[in-house]
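Engineer: Pasting in a structure now, in structure tokens, and then I'll have a few things to ask.
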Amino acid sequence: MTATMIDAEDAWTAVLARDRAFDGRFVTGVLTTGIYCRPSCAARHPARMNVRFFADGAAARAAGLRPCKRCMPDDVSRDERAVLAAIAAIKAAEQPLVLAALAGETGYSPSHFQRVFTRHTGLSPAAYARALMQERAAQALTGEGKVTEAIYAAGYSGPSRFYESNQGRLGMAPSAWANGGKGVTIHWAVVPTSLGAMLVAATDKGVCRLSFNEGREALEARFPKAELAAGGAEFAALLEQVVAAVEAPGDFAHIPLDVKGTAFQEAVWKELQRIPAGETRTYAQLAAAVGRPKAVRAAGSANGANNVAVLIPCHRVIATGGGMGGYAYGLEIKRKLLAKEGAIDEDLL
């Protein structure tokens, strides 16, 4: 059967780009040569009229095609098995595993396995292990236990390693995570914009919340024990930058953020920040870009879990068929944002 998990034109775009992120999601059948390839195959591109897309090698072989000897498309499943086995080993290990040990378990050389793992997950094995520990620590710190106990339970050798690893990442101190934001001051304001009333909130690390049609109650629900302070001189300067960025969207890299999510969510958010103003991506493209081409629904969920609208531009993601997709603050605001950036025609508003 032909591939159904990806639009044919999206698949052809991936083939033309030789996008490795799509390897394993479909294979390209070339009817004139009788072979099928990975999307990233380095061979000369065939004419579009001679191409059919198949869900996997089995479907292509059932249609009478044989695997390409250059890109060996059937090895994709081997790569996936190797990555899954490594992830299981990382999760089960009490201490960080060295790359050579992980590669030895899969039969790959360390350098090749590092490339395979990064292509599938968006992170190196070491970065994945660190992200897993950070995620476990953040989850443990939201419970009722002591901070030190949570740090050891997450797999760190001690508090010093935890603080060194998470410096500048968690934003709030670990004790604050354990106490619903206790001891943290969050400055906030609701300001009028061309998109409607906008809530902006920030810690001393950066913006931790940007939303529309929300107020103090929403912040209290997210940070029940934090000290909420309206305004402030330093916050006013930051707020001015945020409002300017929203009214004239472009590069937001100069605005500091204080956000926290799972390793996968943060990978999605980083990819969102790479989408240039005036361009859009589909949910399928977003999933592929973070190395998880089959996790389209999960990418959509991570997109929706974004706490900082506009600055992490989740509005730049649309449905594969060209529809607007969803948006937490309503499609009218999403259309206005895309129109401001020139991604859609203003006549559509």
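We name chains A, B, ... following the order of the structure tokens; residues begin at 1 in each chain, and ligands are numbered from 1 as shown.
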Please list as a list in words every residue within 9 Å of Pro249 of chain A, counting only C-alpha atoms and excluding residues in the same chain fewer than 6 positions away.
Structural biologist: Ala277, Val310, Leu311, Leu337, Lys340 and Glu341 of chain A
Engineer: My list of candidates is A:Pro125, A:Phe223, A:Ala63, A:Cys71. Which is closest to Leu84 of chain A when distances are computed with only C-alpha atoms?
Structural biologist: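 The answer is A:Pro125, which sits nearest to Leu84 of chain A.
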Engineer: As a PDB file with N, CA and C atoms, in the first residue's frame, please: the residues near segment 115-124 of chain A (cut-off 12 Å, only C-alpha atoms, same-chain neighbours under 4 positions excluded).
Structural biologist:
```pdb
ATOM      1  N   ASP A  19      16.151  14.896   3.307  1.00  0.00           N
ATOM      2  CA  ASP A  19      15.961  15.134   4.743  1.00  0.00           C
ATOM      3  C   ASP A  19      16.013  13.816   5.514  1.00  0.00           C
ATOM      4  N   ARG A  20      17.086  13.608   6.270  1.00  0.00           N
ATOM      5  CA  ARG A  20      17.262  12.369   7.032  1.00  0.00           C
ATOM      6  C   ARG A  20      16.191  12.189   8.103  1.00  0.00           C
ATOM      7  N   ALA A  21      15.590  13.269   8.530  1.00  0.00           N
ATOM      8  CA  ALA A  21      14.578  13.176   9.580  1.00  0.00           C
ATOM      9  C   ALA A  21      13.372  12.353   9.132  1.00  0.00           C
ATOM     10  N   PHE A  22      13.180  12.187   7.817  1.00  0.00           N
ATOM     11  CA  PHE A  22      12.039  11.426   7.310  1.00  0.00           C
ATOM     12  C   PHE A  22      12.378   9.951   7.063  1.00  0.00           C
ATOM     13  N   ASP A  23      13.653   9.588   7.219  1.00  0.00           N
ATOM     14  CA  ASP A  23      14.029   8.179   7.051  1.00  0.00           C
ATOM     15  C   ASP A  23      13.274   7.316   8.054  1.00  0.00           C
ATOM     16  N   GLY A  24      12.675   6.252   7.563  1.00  0.00           N
ATOM     17  CA  GLY A  24      11.911   5.381   8.440  1.00  0.00           C
ATOM     18  C   GLY A  24      10.431   5.682   8.449  1.00  0.00           C
ATOM     19  N   ARG A  25      10.047   6.840   7.891  1.00  0.00           N
ATOM     20  CA  ARG A  25       8.639   7.188   7.867  1.00  0.00           C
ATOM     21  C   ARG A  25       7.974   6.733   6.579  1.00  0.00           C
ATOM     22  N   SER A  40      16.432  10.208   2.220  1.00  0.00           N
ATOM     23  CA  SER A  40      17.720  10.909   2.205  1.00  0.00           C
ATOM     24  C   SER A  40      18.718  10.324   1.219  1.00  0.00           C
ATOM     25  N   ASP A  75      17.559  -0.859   6.442  1.00  0.00           N
ATOM     26  CA  ASP A  75      18.333  -0.731   7.671  1.00  0.00           C
ATOM     27  C   ASP A  75      17.746   0.306   8.614  1.00  0.00           C
ATOM     28  N   VAL A  76      16.750   1.061   8.146  1.00  0.00           N
ATOM     29  CA  VAL A  76      16.123   2.057   9.013  1.00  0.00           C
ATOM     30  C   VAL A  76      15.533   1.393  10.242  1.00  0.00           C
ATOM     31  N   SER A  77      14.866   0.258  10.042  1.00  0.00           N
ATOM     32  CA  SER A  77      14.260  -0.420  11.174  1.00  0.00           C
ATOM     33  C   SER A  77      15.327  -0.888  12.150  1.00  0.00           C
ATOM     34  N   ARG A  78      16.480  -1.275  11.632  1.00  0.00           N
ATOM     35  CA  ARG A  78      17.585  -1.651  12.511  1.00  0.00           C
ATOM     36  C   ARG A  78      18.026  -0.462  13.352  1.00  0.00           C
ATOM     37  N   ASP A  79      18.109   0.702  12.712  1.00  0.00           N
ATOM     38  CA  ASP A  79      18.467   1.915  13.446  1.00  0.00           C
ATOM     39  C   ASP A  79      17.463   2.185  14.563  1.00  0.00           C
ATOM     40  N   GLU A  80      16.179   2.051  14.239  1.00  0.00           N
ATOM     41  CA  GLU A  80      15.147   2.312  15.235  1.00  0.00           C
ATOM     42  C   GLU A  80      15.256   1.345  16.411  1.00  0.00           C
ATOM     43  N   ARG A  81      15.511   0.081  16.105  1.00  0.00           N
ATOM     44  CA  ARG A  81      15.661  -0.901  17.187  1.00  0.00           C
ATOM     45  C   ARG A  81      16.863  -0.565  18.063  1.00  0.00           C
ATOM     46  N   ALA A  82      17.939  -0.128  17.436  1.00  0.00           N
ATOM     47  CA  ALA A  82      19.142   0.227  18.190  1.00  0.00           C
ATOM     48  C   ALA A  82      18.885   1.416  19.108  1.00  0.00           C
ATOM     49  N   VAL A  83      18.180   2.415  18.585  1.00  0.00           N
ATOM     50  CA  VAL A  83      17.888   3.604  19.387  1.00  0.00           C
ATOM     51  C   VAL A  83      16.970   3.257  20.550  1.00  0.00           C
ATOM     52  N   LEU A  84      15.940   2.463  20.288  1.00  0.00           N
ATOM     53  CA  LEU A  84      15.019   2.066  21.347  1.00  0.00           C
ATOM     54  C   LEU A  84      15.732   1.259  22.427  1.00  0.00           C
ATOM     55  N   ALA A  85      16.643   0.382  22.005  1.00  0.00           N
ATOM     56  CA  ALA A  85      17.404  -0.406  22.977  1.00  0.00           C
ATOM     57  C   ALA A  85      18.299   0.496  23.823  1.00  0.00           C
ATOM     58  N   ALA A  86      18.907   1.499  23.190  1.00  0.00           N
ATOM     59  CA  ALA A  86      19.769   2.426  23.928  1.00  0.00           C
ATOM     60  C   ALA A  86      18.960   3.263  24.910  1.00  0.00           C
ATOM     61  N   ILE A  87      17.784   3.712  24.489  1.00  0.00           N
ATOM     62  CA  ILE A  87      16.937   4.498  25.382  1.00  0.00           C
ATOM     63  C   ILE A  87      16.535   3.668  26.603  1.00  0.00           C
ATOM     64  N   ILE A  90      19.516   3.471  28.884  1.00  0.00           N
ATOM     65  CA  ILE A  90      19.743   4.746  29.579  1.00  0.00           C
ATOM     66  C   ILE A  90      18.763   4.907  30.734  1.00  0.00           C
ATOM     67  N   VAL A  98      28.547   5.342  29.083  1.00  0.00           N
ATOM     68  CA  VAL A  98      29.444   5.953  28.098  1.00  0.00           C
ATOM     69  C   VAL A  98      28.993   5.544  26.701  1.00  0.00           C
ATOM     70  N   LEU A  99      29.324   6.385  25.737  1.00  0.00           N
ATOM     71  CA  LEU A  99      28.889   6.154  24.360  1.00  0.00           C
ATOM     72  C   LEU A  99      29.367   4.813  23.831  1.00  0.00           C
ATOM     73  N   LEU A 102      27.094   1.964  24.949  1.00  0.00           N
ATOM     74  CA  LEU A 102      25.816   1.949  24.242  1.00  0.00           C
ATOM     75  C   LEU A 102      25.987   1.441  22.817  1.00  0.00           C
ATOM     76  N   ALA A 103      27.020   1.924  22.147  1.00  0.00           N
ATOM     77  CA  ALA A 103      27.260   1.502  20.768  1.00  0.00           C
ATOM     78  C   ALA A 103      27.575   0.015  20.703  1.00  0.00           C
ATOM     79  N   THR A 106      24.652  -2.264  20.441  1.00  0.00           N
ATOM     80  CA  THR A 106      23.888  -2.216  19.194  1.00  0.00           C
ATOM     81  C   THR A 106      24.656  -2.737  17.989  1.00  0.00           C
ATOM     82  N   TYR A 108      27.022  -0.991  16.472  1.00  0.00           N
ATOM     83  CA  TYR A 108      27.501   0.141  15.688  1.00  0.00           C
ATOM     84  C   TYR A 108      28.814   0.666  16.273  1.00  0.00           C
ATOM     85  N   SER A 109      29.560   1.386  15.454  1.00  0.00           N
ATOM     86  CA  SER A 109      30.710   2.105  15.989  1.00  0.00           C
ATOM     87  C   SER A 109      30.182   3.291  16.795  1.00  0.00           C
ATOM     88  N   PRO A 110      30.933   3.783  17.778  1.00  0.00           N
ATOM     89  CA  PRO A 110      30.452   4.908  18.591  1.00  0.00           C
ATOM     90  C   PRO A 110      30.062   6.130  17.767  1.00  0.00           C
ATOM     91  N   SER A 111      30.880   6.501  16.790  1.00  0.00           N
ATOM     92  CA  SER A 111      30.587   7.706  16.004  1.00  0.00           C
ATOM     93  C   SER A 111      29.323   7.534  15.167  1.00  0.00           C
ATOM     94  N   TYR A 128      20.564  13.248  25.921  1.00  0.00           N
ATOM     95  CA  TYR A 128      19.301  12.592  26.251  1.00  0.00           C
ATOM     96  C   TYR A 128      19.309  12.136  27.701  1.00  0.00           C
ATOM     97  N   ALA A 129      20.424  11.547  28.146  1.00  0.00           N
ATOM     98  CA  ALA A 129      20.525  11.081  29.530  1.00  0.00           C
ATOM     99  C   ALA A 129      20.421  12.248  30.504  1.00  0.00           C
ATOM    100  N   ARG A 130      21.086  13.368  30.170  1.00  0.00           N
ATOM    101  CA  ARG A 130      21.002  14.546  31.048  1.00  0.00           C
ATOM    102  C   ARG A 130      19.581  15.078  31.114  1.00  0.00           C
ATOM    103  N   ALA A 131      18.925  15.147  29.948  1.00  0.00           N
ATOM    104  CA  ALA A 131      17.553  15.646  29.907  1.00  0.00           C
ATOM    105  C   ALA A 131      16.616  14.749  30.701  1.00  0.00           C
ATOM    106  N   LEU A 132      16.865  13.423  30.629  1.00  0.00           N
ATOM    107  CA  LEU A 132      16.040  12.483  31.379  1.00  0.00           C
ATOM    108  C   LEU A 132      16.199  12.707  32.877  1.00  0.00           C
ATOM    109  N   ALA A 263      11.991  16.725  27.980  1.00  0.00           N
ATOM    110  CA  ALA A 263      13.046  16.792  26.963  1.00  0.00           C
ATOM    111  C   ALA A 263      12.440  16.921  25.567  1.00  0.00           C
ATOM    112  N   PHE A 264      11.378  16.163  25.301  1.00  0.00           N
ATOM    113  CA  PHE A 264      10.749  16.219  23.988  1.00  0.00           C
ATOM    114  C   PHE A 264      10.089  17.579  23.757  1.00  0.00           C
ATOM    115  N   GLN A 265       9.371  18.090  24.768  1.00  0.00           N
ATOM    116  CA  GLN A 265       8.733  19.392  24.619  1.00  0.00           C
ATOM    117  C   GLN A 265       9.761  20.478  24.335  1.00  0.00           C
ATOM    118  N   GLU A 266      10.857  20.461  25.061  1.00  0.00           N
ATOM    119  CA  GLU A 266      11.863  21.496  24.867  1.00  0.00           C
ATOM    120  C   GLU A 266      12.520  21.383  23.492  1.00  0.00           C
ATOM    121  N   ALA A 267      12.659  20.160  22.995  1.00  0.00           N
ATOM    122  CA  ALA A 267      13.198  19.986  21.635  1.00  0.00           C
ATOM    123  C   ALA A 267      12.241  20.587  20.611  1.00  0.00           C
ATOM    124  N   VAL A 268      10.933  20.379  20.809  1.00  0.00           N
ATOM    125  CA  VAL A 268       9.927  20.956  19.917  1.00  0.00           C
ATOM    126  C   VAL A 268       9.964  22.478  20.004  1.00  0.00           C
ATOM    127  N   LYS A 270      12.435  24.428  20.812  1.00  0.00           N
ATOM    128  CA  LYS A 270      13.636  24.945  20.152  1.00  0.00           C
ATOM    129  C   LYS A 270      13.453  24.954  18.635  1.00  0.00           C
ATOM    130  N   GLU A 271      12.808  23.902  18.129  1.00  0.00           N
ATOM    131  CA  GLU A 271      12.575  23.846  16.688  1.00  0.00           C
ATOM    132  C   GLU A 271      11.605  24.930  16.250  1.00  0.00           C
ATOM    133  N   LEU A 286       7.277  19.339  11.802  1.00  0.00           N
ATOM    134  CA  LEU A 286       7.804  19.644  13.127  1.00  0.00           C
ATOM    135  C   LEU A 286       8.288  18.370  13.810  1.00  0.00           C
ATOM    136  N   ALA A 287       7.484  17.313  13.732  1.00  0.00           N
ATOM    137  CA  ALA A 287       7.869  16.037  14.336  1.00  0.00           C
ATOM    138  C   ALA A 287       9.146  15.510  13.701  1.00  0.00           C
ATOM    139  N   ALA A 288       9.233  15.597  12.390  1.00  0.00           N
ATOM    140  CA  ALA A 288      10.423  15.110  11.687  1.00  0.00           C
ATOM    141  C   ALA A 288      11.652  15.927  12.054  1.00  0.00           C
ATOM    142  N   ALA A 289      11.473  17.226  12.234  1.00  0.00           N
ATOM    143  CA  ALA A 289      12.601  18.108  12.527  1.00  0.00           C
ATOM    144  C   ALA A 289      13.252  17.801  13.869  1.00  0.00           C
ATOM    145  N   VAL A 290      12.480  17.254  14.807  1.00  0.00           N
ATOM    146  CA  VAL A 290      13.058  16.904  16.109  1.00  0.00           C
ATOM    147  C   VAL A 290      13.472  15.436  16.155  1.00  0.00           C
ATOM    148  N   GLY A 291      13.486  14.786  14.994  1.00  0.00           N
ATOM    149  CA  GLY A 291      13.959  13.422  14.924  1.00  0.00           C
ATOM    150  C   GLY A 291      12.954  12.358  15.308  1.00  0.00           C
ATOM    151  N   ARG A 292      11.659  12.733  15.372  1.00  0.00           N
ATOM    152  CA  ARG A 292      10.616  11.770  15.741  1.00  0.00           C
ATOM    153  C   ARG A 292       9.491  11.841  14.711  1.00  0.00           C
ATOM    154  N   PRO A 293       9.756  11.430  13.458  1.00  0.00           N
ATOM    155  CA  PRO A 293       8.787  11.631  12.382  1.00  0.00           C
ATOM    156  C   PRO A 293       7.442  10.952  12.602  1.00  0.00           C
ATOM    157  N   LYS A 294       7.388   9.908  13.433  1.00  0.00           N
ATOM    158  CA  LYS A 294       6.121   9.232  13.677  1.00  0.00           C
ATOM    159  C   LYS A 294       5.345   9.841  14.837  1.00  0.00           C
ATOM    160  N   ALA A 295       5.956  10.775  15.546  1.00  0.00           N
ATOM    161  CA  ALA A 295       5.326  11.352  16.734  1.00  0.00           C
ATOM    162  C   ALA A 295       4.597  12.653  16.401  1.00  0.00           C
TER     163      ALA A 295
END
```
Engineer: Considering only C-alpha atoms, return as a PDB file with C-alpha atoms, in the first residue's frame whatever protein or nucleic-acid residues lie within 6 Å of segment 182-187 of chain A, sequence-local ones (same chain, fewer than 4 positions apart) excluded.
Structural biologist:
```
ATOM      1  CA  ALA A 176      10.745  26.479  44.410  1.00  0.00           C
ATOM      2  CA  ALA A 201       4.809  37.426  33.358  1.00  0.00           C
ATOM      3  CA  ALA A 202       8.510  37.040  34.119  1.00  0.00           C
ATOM      4  CA  THR A 203      10.894  35.806  36.784  1.00  0.00           C
ATOM      5  CA  LYS A 225       2.955  29.822  46.121  1.00  0.00           C
ATOM      6  CA  ALA A 226       4.920  32.395  44.127  1.00  0.00           C
ATOM      7  CA  GLU A 227       4.834  36.059  45.006  1.00  0.00           C
ATOM      8  CA  LEU A 228       3.021  37.870  42.209  1.00  0.00           C
ATOM      9  CA  ALA A 229       4.060  41.495  41.851  1.00  0.00           C
ATOM     10  CA  ALA A 230       2.481  43.891  39.390  1.00  0.00           C
ATOM     11  CA  GLY A 231       4.870  45.927  37.287  1.00  0.00           C
TER      12      GLY A 231
END
```
Engineer: So which bits of segment 216-309 of chain A end up helix (DSSP H, G or I) when you DSSP the backbone, as number ranges by chain?
Structural biologist: A: 216-222, 233-247, 263-273, 283-289, 296-304
Engineer: I need the residues from that last selection saved to file as a compact mmCIF listing (two decimals), in the first residue's frame (with N, CA and C atoms), if you can.
Structural biologist:
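Output saved as part-v1.txt:
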```txt
# COMPACT_ATOMS: atom_id res chain seq x y z
N ARG A 216 -4.55 37.53 36.49
CA ARG A 216 -3.87 37.08 37.70
C ARG A 216 -4.29 35.67 38.11
N GLU A 217 -5.57 35.34 37.92
CA GLU A 217 -6.06 34.03 38.35
C GLU A 217 -5.31 32.90 37.65
N ALA A 218 -5.01 33.09 36.39
CA ALA A 218 -4.28 32.06 35.64
C ALA A 218 -2.87 31.88 36.18
N LEU A 219 -2.21 32.99 36.55
CA LEU A 219 -0.88 32.89 37.12
C LEU A 219 -0.90 32.20 38.48
N GLU A 220 -1.90 32.54 39.28
CA GLU A 220 -2.01 31.91 40.59
C GLU A 220 -2.20 30.40 40.48
N ALA A 221 -2.92 29.98 39.45
CA ALA A 221 -3.14 28.55 39.26
C ALA A 221 -1.84 27.84 38.87
N ARG A 222 -0.99 28.53 38.09
CA ARG A 222 0.26 27.93 37.65
C ARG A 222 1.35 28.02 38.71
N ALA A 233 10.27 48.33 37.68
CA ALA A 233 11.08 49.07 36.71
C ALA A 233 11.77 48.15 35.70
N GLU A 234 12.46 47.12 36.19
CA GLU A 234 13.14 46.21 35.27
C GLU A 234 12.13 45.47 34.41
N PHE A 235 11.01 45.09 35.01
CA PHE A 235 9.98 44.39 34.25
C PHE A 235 9.41 45.29 33.16
N ALA A 236 9.28 46.57 33.45
CA ALA A 236 8.72 47.50 32.46
C ALA A 236 9.56 47.52 31.19
N ALA A 237 10.89 47.49 31.37
CA ALA A 237 11.77 47.49 30.20
C ALA A 237 11.60 46.20 29.40
N LEU A 238 11.49 45.08 30.11
CA LEU A 238 11.27 43.81 29.42
C LEU A 238 9.92 43.79 28.73
N LEU A 239 8.90 44.30 29.41
CA LEU A 239 7.56 44.33 28.85
C LEU A 239 7.53 45.13 27.56
N GLU A 240 8.27 46.23 27.53
CA GLU A 240 8.32 47.06 26.32
C GLU A 240 8.88 46.27 25.14
N GLN A 241 9.92 45.47 25.41
CA GLN A 241 10.50 44.64 24.35
C GLN A 241 9.51 43.58 23.86
N VAL A 242 8.80 42.99 24.81
CA VAL A 242 7.85 41.94 24.45
C VAL A 242 6.72 42.49 23.59
N VAL A 243 6.16 43.62 24.00
CA VAL A 243 5.06 44.22 23.24
C VAL A 243 5.53 44.58 21.83
N ALA A 244 6.72 45.15 21.73
CA ALA A 244 7.26 45.52 20.41
C ALA A 244 7.42 44.28 19.54
N ALA A 245 7.88 43.18 20.14
CA ALA A 245 8.09 41.94 19.38
C ALA A 245 6.76 41.36 18.90
N VAL A 246 5.73 41.47 19.71
CA VAL A 246 4.42 40.94 19.34
C VAL A 246 3.79 41.78 18.24
N GLU A 247 3.95 43.08 18.31
CA GLU A 247 3.34 43.96 17.32
C GLU A 247 4.08 43.92 15.99
N ALA A 263 11.99 16.72 27.98
CA ALA A 263 13.05 16.79 26.96
C ALA A 263 12.44 16.92 25.57
N PHE A 264 11.38 16.16 25.30
CA PHE A 264 10.75 16.22 23.99
C PHE A 264 10.09 17.58 23.76
N GLN A 265 9.37 18.09 24.77
CA GLN A 265 8.73 19.39 24.62
C GLN A 265 9.76 20.48 24.33
N GLU A 266 10.86 20.46 25.06
CA GLU A 266 11.86 21.50 24.87
C GLU A 266 12.52 21.38 23.49
N ALA A 267 12.66 20.16 22.99
CA ALA A 267 13.20 19.99 21.64
C ALA A 267 12.24 20.59 20.61
N VAL A 268 10.93 20.38 20.81
CA VAL A 268 9.93 20.96 19.92
C VAL A 268 9.96 22.48 20.00
N TRP A 269 10.05 23.01 21.22
CA TRP A 269 10.06 24.47 21.37
C TRP A 269 11.29 25.10 20.71
N LYS A 270 12.44 24.43 20.81
CA LYS A 270 13.64 24.95 20.15
C LYS A 270 13.45 24.95 18.63
N GLU A 271 12.81 23.90 18.13
CA GLU A 271 12.58 23.85 16.69
C GLU A 271 11.61 24.93 16.25
N LEU A 272 10.59 25.21 17.07
CA LEU A 272 9.67 26.30 16.77
C LEU A 272 10.42 27.62 16.64
N GLN A 273 11.40 27.83 17.50
CA GLN A 273 12.15 29.08 17.48
C GLN A 273 13.04 29.20 16.24
N TYR A 283 2.58 20.01 11.28
CA TYR A 283 2.86 19.21 12.47
C TYR A 283 3.78 18.05 12.11
N ALA A 284 3.59 17.48 10.92
CA ALA A 284 4.45 16.38 10.48
C ALA A 284 5.89 16.84 10.29
N GLN A 285 6.06 18.01 9.71
CA GLN A 285 7.41 18.54 9.53
C GLN A 285 8.06 18.85 10.86
N LEU A 286 7.28 19.34 11.80
CA LEU A 286 7.80 19.64 13.13
C LEU A 286 8.29 18.37 13.81
N ALA A 287 7.48 17.31 13.73
CA ALA A 287 7.87 16.04 14.34
C ALA A 287 9.15 15.51 13.70
N ALA A 288 9.23 15.60 12.39
CA ALA A 288 10.42 15.11 11.69
C ALA A 288 11.65 15.93 12.05
N ALA A 289 11.47 17.23 12.23
CA ALA A 289 12.60 18.11 12.53
C ALA A 289 13.25 17.80 13.87
N VAL A 296 3.77 12.62 15.36
CA VAL A 296 3.08 13.83 14.93
C VAL A 296 2.12 14.32 16.01
N ARG A 297 1.37 13.40 16.60
CA ARG A 297 0.42 13.80 17.64
C ARG A 297 1.16 14.34 18.86
N ALA A 298 2.27 13.72 19.24
CA ALA A 298 3.05 14.18 20.38
C ALA A 298 3.64 15.56 20.12
N ALA A 299 4.06 15.80 18.87
CA ALA A 299 4.58 17.12 18.52
C ALA A 299 3.49 18.16 18.64
N GLY A 300 2.27 17.80 18.24
CA GLY A 300 1.15 18.71 18.38
C GLY A 300 0.86 19.03 19.83
N SER A 301 0.95 18.01 20.69
CA SER A 301 0.72 18.22 22.12
C SER A 301 1.80 19.12 22.72
N ALA A 302 3.05 18.89 22.32
CA ALA A 302 4.14 19.74 22.81
C ALA A 302 3.98 21.17 22.32
N ASN A 303 3.51 21.31 21.09
CA ASN A 303 3.24 22.63 20.54
C ASN A 303 2.19 23.35 21.39
N GLY A 304 1.14 22.61 21.78
CA GLY A 304 0.08 23.20 22.57
C GLY A 304 0.46 23.46 24.01
```
Engineer: Nearest to Leu210 of chain A among A:Ala328, A:Leu16, A:Gly321, A:Pro96, with distances taken over only C-alpha atoms: which residue is it?
Structural biologist: A:Ala328
Engineer: Using only C-alpha atoms, determine which residues lie at most 7 Å from segment 34-38 of chain A, disregarding the query and same-chain residues fewer than 6 positions distant; provide the list as an mmCIF file with N, CA, C and O atoms, in the first residue's frame.
Structural biologist:
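Dumped to selection-v9.cif:
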```
data_model
loop_
_atom_site.group_PDB
_atom_site.id
_atom_site.type_symbol
_atom_site.label_atom_id
_atom_site.label_comp_id
_atom_site.auth_asym_id
_atom_site.auth_seq_id
_atom_site.Cartn_x
_atom_site.Cartn_y
_atom_site.Cartn_z
ATOM 1 N N ASP A 23 13.653 9.588 7.219
ATOM 2 C CA ASP A 23 14.029 8.179 7.051
ATOM 3 C C ASP A 23 13.274 7.316 8.054
ATOM 4 O O ASP A 23 13.243 7.622 9.248
ATOM 5 N N VAL A 27 9.223 5.139 2.261
ATOM 6 C CA VAL A 27 10.284 4.891 1.281
ATOM 7 C C VAL A 27 9.809 5.409 -0.068
ATOM 8 O O VAL A 27 8.605 5.500 -0.336
ATOM 9 N N THR A 28 10.763 5.752 -0.905
ATOM 10 C CA THR A 28 10.478 6.303 -2.227
ATOM 11 C C THR A 28 10.647 5.210 -3.278
ATOM 12 O O THR A 28 11.743 4.674 -3.450
ATOM 13 N N ALA A 60 6.716 -1.703 -0.444
ATOM 14 C CA ALA A 60 7.393 -1.492 -1.730
ATOM 15 C C ALA A 60 7.748 -2.824 -2.385
ATOM 16 O O ALA A 60 7.597 -2.992 -3.602
ATOM 17 N N LEU A 65 9.159 -3.934 -6.109
ATOM 18 C CA LEU A 65 10.403 -3.166 -6.068
ATOM 19 C C LEU A 65 11.436 -3.857 -5.182
ATOM 20 O O LEU A 65 11.095 -4.662 -4.314
ATOM 21 N N ARG A 66 12.707 -3.488 -5.358
ATOM 22 C CA ARG A 66 13.783 -4.043 -4.539
ATOM 23 C C ARG A 66 14.529 -2.894 -3.845
ATOM 24 O O ARG A 66 14.535 -1.761 -4.347
ATOM 25 N N PRO A 67 15.184 -3.170 -2.714
ATOM 26 C CA PRO A 67 15.855 -2.085 -1.976
ATOM 27 C C PRO A 67 17.090 -1.555 -2.676
ATOM 28 O O PRO A 67 17.822 -2.304 -3.337
ATOM 29 N N CYS A 68 17.306 -0.271 -2.534
ATOM 30 C CA CYS A 68 18.478 0.398 -3.098
ATOM 31 C C CYS A 68 19.741 -0.100 -2.374
ATOM 32 O O CYS A 68 19.782 -0.147 -1.144
ATOM 33 N N CYS A 71 21.581 3.244 -0.400
ATOM 34 C CA CYS A 71 21.119 3.804 0.877
ATOM 35 C C CYS A 71 20.565 2.752 1.823
ATOM 36 O O CYS A 71 20.305 3.045 2.994
ATOM 37 N N PRO A 73 17.570 1.063 2.461
ATOM 38 C CA PRO A 73 16.431 1.584 3.222
ATOM 39 C C PRO A 73 15.905 0.651 4.299
ATOM 40 O O PRO A 73 15.335 1.106 5.288
#
```
Engineer: Name all residues at most 10 Å from Met49 of chain A (count only C-alpha atoms; drop same-chain ones fewer than 5 positions away) and give them as a compact mmCIF listing (two decimals) with N, CA and C atoms, in the first residue's frame.
Structural biologist:
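Saved as result_0.txt:
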```
# COMPACT_ATOMS: atom_id res chain seq x y z
N VAL A 30 10.88 4.08 -7.09
CA VAL A 30 11.18 4.62 -8.43
C VAL A 30 10.76 3.56 -9.43
N LEU A 31 9.67 3.80 -10.13
CA LEU A 31 9.06 2.78 -10.99
C LEU A 31 9.92 2.43 -12.19
N THR A 32 10.71 3.38 -12.69
CA THR A 32 11.52 3.13 -13.89
C THR A 32 12.73 2.25 -13.60
```
Engineer: One number please: atom CA of Glu279 of chain A to atom CA of Val317 of chain A, in Å, one decimal.
Structural biologist: 9.1 Å
Engineer: Enumerate as an NGL selection string all residues of segment 145-340 of chain A assigned to strand (DSSP E or B) by DSSP on the backbone, naming them with the chain letters and numbers the document uses.
Structural biologist: :A and (185-193 or 196-202 or 207-212 or 227-230 or 257 or 281-282 or 308 or 317-318)
Engineer: Which residues are close to Lys334 of chain A, i.e. within 12 Å by only C-alpha atoms, leaving aside same-chain residues fewer than 2 positions away? Reply as a PyMOL selection string.
Structural biologist: chain A and resi 195-196+212+246+280+309-310+313-318+323-332+336-341+343-344+346+348-349
